[in-house]
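Coordinates as given in coords-v5.pdb (PDB, C-alpha atoms):
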```
ATOM      1  CA  MET A   3      38.854 129.380  71.558
ATOM      2  CA  MET A   4      42.579 129.846  71.880
ATOM      3  CA  THR A   5      44.395 127.929  74.626
ATOM      4  CA  LEU A   6      48.046 128.381  75.502
ATOM      5  CA  LEU A   7      50.299 125.739  77.041
ATOM      6  CA  VAL A   8      52.461 127.234  79.797
ATOM      7  CA  PHE A   9      55.371 124.984  80.756
ATOM      8  CA  LEU A  10      57.147 125.470  84.067
ATOM      9  CA  PRO A  11      59.886 123.604  85.915
ATOM     10  CA  PRO A  12      58.578 121.265  88.680
ATOM     11  CA  SER A  13      60.260 123.497  91.271
ATOM     12  CA  ASP A  14      62.415 126.611  91.474
ATOM     13  CA  PHE A  15      60.673 128.456  88.649
ATOM     14  CA  ARG A  16      60.587 132.239  88.973
ATOM     15  CA  ASP A  17      57.378 133.014  90.865
ATOM     16  CA  GLU A  18      57.378 136.583  89.547
ATOM     17  CA  THR A  19      57.503 135.384  85.934
ATOM     18  CA  ILE A  20      54.474 133.100  86.199
ATOM     19  CA  ALA A  21      52.590 135.719  88.256
ATOM     20  CA  THR A  22      53.136 138.343  85.536
ATOM     21  CA  VAL A  23      52.272 135.909  82.738
ATOM     22  CA  LYS A  24      49.055 134.848  84.509
ATOM     23  CA  LEU A  25      48.136 138.487  85.149
ATOM     24  CA  PHE A  26      48.370 139.334  81.432
ATOM     25  CA  LEU A  27      46.689 136.147  80.223
ATOM     26  CA  ASP A  28      43.831 136.526  82.711
ATOM     27  CA  LYS A  29      43.402 140.226  81.877
ATOM     28  CA  TRP A  30      43.055 139.448  78.157
ATOM     29  CA  GLY A  31      40.932 136.337  78.655
ATOM     30  CA  VAL A  32      43.501 133.930  77.232
ATOM     31  CA  GLU A  33      42.802 130.371  78.297
ATOM     32  CA  TYR A  34      45.897 128.452  79.373
ATOM     33  CA  ARG A  35      46.941 125.128  80.870
ATOM     34  CA  LEU A  36      49.963 124.659  83.111
ATOM     35  CA  ALA A  37      52.196 121.675  82.404
ATOM     36  CA  SER A  38      55.488 120.425  83.787
ATOM     37  CA  TYR A  39      57.855 117.495  84.131
ATOM     38  CA  GLY A  40      56.363 114.715  86.279
ATOM     39  CA  ASN A  41      52.881 114.885  87.765
ATOM     40  CA  LYS A  42      53.206 116.702  91.107
ATOM     41  CA  ASP A  43      52.288 120.279  91.957
ATOM     42  CA  CYS A  44      54.961 122.817  90.947
ATOM     43  CA  THR A  45      56.636 124.996  93.578
ATOM     44  CA  GLY A  46      58.374 128.267  92.763
ATOM     45  CA  SER A  47      61.591 129.705  94.185
ATOM     46  CA  HIS A  48      59.576 131.808  96.629
ATOM     47  CA  GLY A  49      57.013 129.148  97.517
ATOM     48  CA  ALA A  50      54.180 129.725  95.037
ATOM     49  CA  VAL A  51      52.433 126.428  94.272
ATOM     50  CA  TYR A  52      50.664 125.632  91.001
ATOM     51  CA  LYS A  53      48.724 122.519  90.088
ATOM     52  CA  GLN A  54      49.434 121.015  86.684
ATOM     53  CA  GLN A  55      46.468 121.162  84.331
ATOM     54  CA  ALA A  56      47.965 119.245  81.407
ATOM     55  CA  SER A  57      50.067 116.095  81.290
ATOM     56  CA  MET A  58      53.011 116.061  78.884
ATOM     57  CA  SER A  59      52.325 112.394  78.136
ATOM     58  CA  LYS A  60      48.683 113.037  77.205
ATOM     59  CA  LEU A  61      49.006 116.339  75.344
ATOM     60  CA  ARG A  62      47.092 116.877  72.160
ATOM     61  CA  LEU A  63      48.851 119.801  70.548
ATOM     62  CA  SER A  64      45.830 120.462  68.369
ATOM     63  CA  ASP A  65      44.210 121.779  71.588
ATOM     64  CA  PHE A  66      46.832 124.550  71.912
ATOM     65  CA  SER A  67      47.635 127.667  69.922
ATOM     66  CA  GLY A  68      51.162 127.959  71.311
ATOM     67  CA  ILE A  69      53.561 127.298  74.163
ATOM     68  CA  LEU A  70      55.269 129.580  76.666
ATOM     69  CA  LEU A  71      58.273 128.411  78.714
ATOM     70  CA  ILE A  72      58.852 129.840  82.208
ATOM     71  CA  ASP A  73      62.371 130.487  83.531
ATOM     72  CA  GLY A  74      64.105 129.796  86.835
ATOM     73  CA  LYS A  75      66.725 127.631  88.528
ATOM     74  CA  GLY A  76      64.505 124.598  87.941
ATOM     75  CA  VAL A  77      65.364 124.744  84.225
ATOM     76  CA  GLU A  78      68.896 123.732  85.284
ATOM     77  CA  THR A  79      67.955 121.437  88.163
ATOM     78  CA  TYR A  80      65.727 119.298  85.960
ATOM     79  CA  LYS A  81      67.781 119.835  82.792
ATOM     80  CA  LEU A  82      64.601 120.731  80.943
ATOM     81  CA  TYR A  83      66.714 121.339  77.829
ATOM     82  CA  GLU A  84      67.311 117.546  77.789
ATOM     83  CA  TYR A  85      63.697 116.521  78.584
ATOM     84  CA  ARG A  86      62.735 114.664  75.401
ATOM     85  CA  PRO A  87      58.928 115.041  75.677
ATOM     86  CA  LEU A  88      59.356 118.828  75.945
ATOM     87  CA  LEU A  89      61.863 118.998  73.067
ATOM     88  CA  ASP A  90      59.545 116.879  70.899
ATOM     89  CA  THR A  91      56.607 119.136  71.810
ATOM     90  CA  ILE A  92      58.623 122.244  70.868
ATOM     91  CA  LEU A  93      59.575 120.663  67.531
ATOM     92  CA  GLN A  94      55.981 119.755  66.752
ATOM     93  CA  VAL A  95      54.685 123.221  67.741
ATOM     94  CA  ASN A  96      57.378 124.771  65.538
ATOM     95  CA  ASN A  97      56.548 122.467  62.599
ATOM     96  CA  GLU A  98      52.912 123.575  62.898
ATOM     97  CA  ARG A  99      54.110 127.227  62.916
ATOM     98  CA  LYS A 100      52.339 127.897  66.206
ATOM     99  CA  LEU A 101      53.670 130.512  68.601
ATOM    100  CA  ILE A 102      56.601 129.528  70.839
ATOM    101  CA  ALA A 103      57.896 131.835  73.559
ATOM    102  CA  ALA A 104      60.692 131.360  76.081
ATOM    103  CA  ILE A 105      61.752 133.574  78.963
ATOM    104  CA  GLY A 106      65.251 133.860  80.455
ATOM    105  CA  ASN A 107      67.173 130.622  80.825
ATOM    106  CA  SER A 108      64.290 128.574  79.385
ATOM    107  CA  ILE A 109      65.603 129.827  76.014
ATOM    108  CA  LYS A 110      68.076 126.911  76.319
ATOM    109  CA  VAL A 111      65.185 124.559  75.570
ATOM    110  CA  LEU A 112      64.589 126.273  72.218
ATOM    111  CA  ALA A 113      68.302 126.030  71.418
ATOM    112  CA  ARG A 114      68.436 122.309  72.267
ATOM    113  CA  ALA A 115      65.281 121.707  70.213
ATOM    114  CA  ASN A 116      67.385 123.092  67.353
ATOM    115  CA  ILE A 117      64.795 125.619  66.129
ATOM    116  CA  ILE A 118      66.830 128.853  66.406
ATOM    117  CA  ASN A 119      69.274 128.373  63.524
ATOM    118  CA  GLY A 120      69.904 131.802  61.953
ATOM    119  CA  LYS A 121      67.275 133.507  64.142
ATOM    120  CA  LYS A 122      67.829 136.489  66.437
ATOM    121  CA  VAL A 123      67.468 135.353  70.043
ATOM    122  CA  SER A 124      67.250 137.590  73.102
ATOM    123  CA  VAL A 125      69.642 136.078  75.648
ATOM    124  CA  PRO A 126      69.946 136.690  79.386
ATOM    125  CA  GLN A 127      73.286 137.453  81.075
ATOM    126  CA  ASP A 128      73.644 133.727  81.756
ATOM    127  CA  ASP A 129      76.802 132.492  79.954
ATOM    128  CA  GLU A 130      75.497 128.939  79.495
ATOM    129  CA  THR A 131      72.381 130.168  77.665
ATOM    130  CA  LYS A 132      74.542 132.369  75.407
ATOM    131  CA  ARG A 133      76.828 129.391  74.722
ATOM    132  CA  LEU A 134      73.902 127.160  73.706
ATOM    133  CA  VAL A 135      72.382 129.872  71.502
ATOM    134  CA  LEU A 136      75.708 130.177  69.660
ATOM    135  CA  LEU A 137      76.200 126.397  69.527
ATOM    136  CA  PHE A 138      72.812 125.957  67.839
ATOM    137  CA  HIS A 139      73.514 128.856  65.432
ATOM    138  CA  GLY A 140      71.164 131.408  66.950
ATOM    139  CA  VAL A 141      72.086 135.088  66.669
ATOM    140  CA  PRO A 142      72.418 136.467  70.245
ATOM    141  CA  SER A 143      70.739 139.792  70.968
ATOM    142  CA  GLU A 144      70.707 141.916  74.108
ATOM    143  CA  ASN A 145      67.261 143.338  73.310
ATOM    144  CA  GLU A 146      64.552 142.640  75.897
ATOM    145  CA  ILE A 147      62.543 140.758  73.276
ATOM    146  CA  GLU A 148      63.201 139.249  69.870
ATOM    147  CA  VAL A 149      60.540 137.994  67.476
ATOM    148  CA  ALA A 150      61.741 135.658  64.715
ATOM    149  CA  ASP A 151      58.930 134.103  62.707
ATOM    150  CA  ASN A 152      56.820 132.150  65.239
ATOM    151  CA  ILE A 153      59.484 132.280  67.995
ATOM    152  CA  ILE A 154      59.577 134.908  70.717
ATOM    153  CA  THR A 155      62.470 135.100  73.157
ATOM    154  CA  ILE A 156      62.289 137.337  76.210
ATOM    155  CA  ARG A 157      65.566 138.202  77.922
ATOM    156  CA  GLY A 158      64.279 138.002  81.488
ATOM    157  CA  SER A 159      61.337 138.549  83.758
ATOM    158  CA  SER A 160      62.386 141.889  85.241
ATOM    159  CA  ARG A 161      60.637 144.044  82.601
ATOM    160  CA  MET A 162      57.846 141.886  81.255
ATOM    161  CA  GLU A 163      55.169 144.415  80.355
ATOM    162  CA  ALA A 164      56.285 145.315  76.819
ATOM    163  CA  PRO A 165      57.295 141.719  75.935
ATOM    164  CA  MET A 166      53.909 140.413  77.147
ATOM    165  CA  GLN A 167      52.121 143.046  75.024
ATOM    166  CA  THR A 168      54.081 141.851  71.967
ATOM    167  CA  PHE A 169      53.410 138.212  72.862
ATOM    168  CA  LEU A 170      49.636 138.855  73.132
ATOM    169  CA  GLU A 171      49.638 140.700  69.804
ATOM    170  CA  ARG A 172      51.421 137.792  68.114
ATOM    171  CA  LEU A 173      48.968 135.391  69.725
ATOM    172  CA  GLY A 174      46.237 137.431  68.027
ATOM    173  CA  VAL A 175      44.590 138.587  71.250
ATOM    174  CA  LYS A 176      45.315 142.333  71.068
TER
END
```
Since I need it in another form, could you write the structure as structure tokens?
Amino acid sequence: MMTLLVFLPPSDFRDETIATVKLFLDKWGVEYRLASYGNKDCTGSHGAVYKQQASMSKLRLSDFSGILLIDGKGVETYKLYEYRPLLDTILQVNNERKLIAAIGNSIKVLARANIINGKKVSVPQDDETKRLVLLFHGVPSENEIEVADNIITIRGSSRMEAPMQTFLERLGVK
């Protein structure tokens, strides 16, 4: 059975992003576990609350077929792109050639994990994300979605249907 790790900021994640992701994963019967920084419940920008189902300190990556990073102001607030356990997890997932996806400003985490060198990366309007993508030698794209090997970058959560279809196909569900 395939299980996906969904990582969200402890607070101020985009409620609409996680709602859409959950809708697609539930519809296609993809098992997933929510994880975050710390060990408290996670609260979105609009008040949605999610309980963590996986601890970053106790993760066994062999239990997961990939990781999906959720966007939002919390990526900045908690400087998730500097959170070593998450960066190490991303590196390990990448080394195992498992699927890695990032939405919106969470793409910064992939840049800081230094796994985008020479790869096309869909970047949001956010200047800081564009700067990091360039700094870590990614190739910025304004497409809604970019797939480069095992890495999927999704520009933002406003039009998620087509990117989620692609993500599910790459995950081997559709």
When the PyMOL selection byres ((chain A and resi 124) around 7) is applied to the structure above, which residues does it catch, written out as an NGL selection string?
:A and (122-123 or 125-126 or 142-148 or 155-157)
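You will find atom CA of A:Ile118 at 19.7 Å from atom CA of A:Val8.
The space separating atom CA of A:Ala37 from atom CA of A:Ala115 comes to 17.9 Å.
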Just so the selection is clear, what residues does the PyMOL selection byres ((chain A and resi 101) around 8) cover here, as a ChimeraX atom specification?
/A:67-69,95-96,99-100,102-103,152-154,172-173
Residue contacts of A:Leu89 (9 Å, only C-alpha atoms) excluding same-chain residues fewer than 4 positions away, as a list in words:
Leu82, Tyr83, Glu84, Tyr85, Leu93, Gln94, Val111, Leu112, Arg114, Ala115 and Asn116 of chain A
Taking the file as shown, what set of residues would the PyMOL selection byres ((chain A and resi 121) around 6) give back, as a PyMOL selection string?
chain A and resi 118-120+122+140-141+150
Kindly provide, as a list in words, the polymer residues lying within 10 Å of (67.7, 118.6, 93.3), counting only C-alpha atoms and using the coordinates exactly as they appear in the file.
Ser13, Asp14, Gly76, Glu78, Thr79 and Tyr80 of chain A
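Proximity ranking of A:His139, A:Lys29, A:His48, A:Lys81 relative to A:Lys176 places A:Lys29 first, based on all atoms listed in the file.
Picture a line from atom CA of A:Asp17 to atom CA of A:Gly158; it runs 12.7 Å.
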Rank A:Ile117, A:Leu6, A:Leu36, A:Leu88 by their smallest atom-to-atom distance to A:Asp65, using only C-alpha atoms, and report the top residue only.
A:Leu6
Contacts of A:Ser38 within 10 Å, all atoms listed in the file, excl. fewer than 5 positions in-chain, as an MDAnalysis selection string:
chainID A and resid 8:13 43:44 53:58 71 82 88
Can I get the selected residues back with C-alpha atoms, as a compact mmCIF listing (two decimals), in the coordinates of the input?
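again_17.txt, written as the output of this step:
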```txt
# COMPACT_ATOMS: atom_id res chain seq x y z
CA VAL A 8 52.46 127.23 79.80
CA PHE A 9 55.37 124.98 80.76
CA LEU A 10 57.15 125.47 84.07
CA PRO A 11 59.89 123.60 85.92
CA PRO A 12 58.58 121.26 88.68
CA SER A 13 60.26 123.50 91.27
CA ASP A 43 52.29 120.28 91.96
CA CYS A 44 54.96 122.82 90.95
CA LYS A 53 48.72 122.52 90.09
CA GLN A 54 49.43 121.02 86.68
CA GLN A 55 46.47 121.16 84.33
CA ALA A 56 47.96 119.24 81.41
CA SER A 57 50.07 116.10 81.29
CA MET A 58 53.01 116.06 78.88
CA LEU A 71 58.27 128.41 78.71
CA LEU A 82 64.60 120.73 80.94
CA LEU A 88 59.36 118.83 75.94
```
Report as a CSV table (one decimal) with C-alpha atoms, in the coordinates of the input all protein, DNA and RNA residues lying within 7 Å of A:Asn107, evaluated on all atoms listed in the file, omitting residues in the same chain fewer than 5 positions from it.
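The resulting file, around_29.csv, is shown below:
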```
chain,number,residue,atom,x,y,z
A,73,ASP,CA,62.4,130.5,83.5
A,74,GLY,CA,64.1,129.8,86.8
A,126,PRO,CA,69.9,136.7,79.4
A,131,THR,CA,72.4,130.2,77.7
```
Which residue of A:Phe26, A:Tyr39, A:Phe138, A:Phe169 approaches A:Arg86 most closely, using only C-alpha atoms
A:Tyr39
With distances taken over all atoms listed in the file, which residue among A:Ile92, A:Leu134, A:Leu70, A:Ala104 lies nearest A:Leu27?
A:Leu70
Closest of A:Leu61, A:Val77, A:Val51, A:Leu25 to A:Leu7, counting only C-alpha atoms, is A:Leu61
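Minimum atom-to-atom distance to A:Val149, evaluated using all atoms listed in the file, belongs to A:Thr168 out of A:Ser47, A:Thr168, A:Asn97, A:Asn41.
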Using all atoms listed in the file, determine which residues lie at most 8 Å from A:Ser159, disregarding the query and same-chain residues fewer than 2 positions distant; provide the list as a PyMOL selection string.
chain A and resi 18-19+105-106+156-157+161-162
Mind working out the centre and edge lengths of an axis-aligned box for stretch 79-98 of chain A, all listed atoms inside, 5 Å added to each side, rounded to one decimal in Å and written as lines of an AutoDock Vina configuration file?
```
center_x = 60.4
center_y = 119.7
center_z = 75.4
size_x = 25.0
size_y = 20.1
size_z = 35.6
```
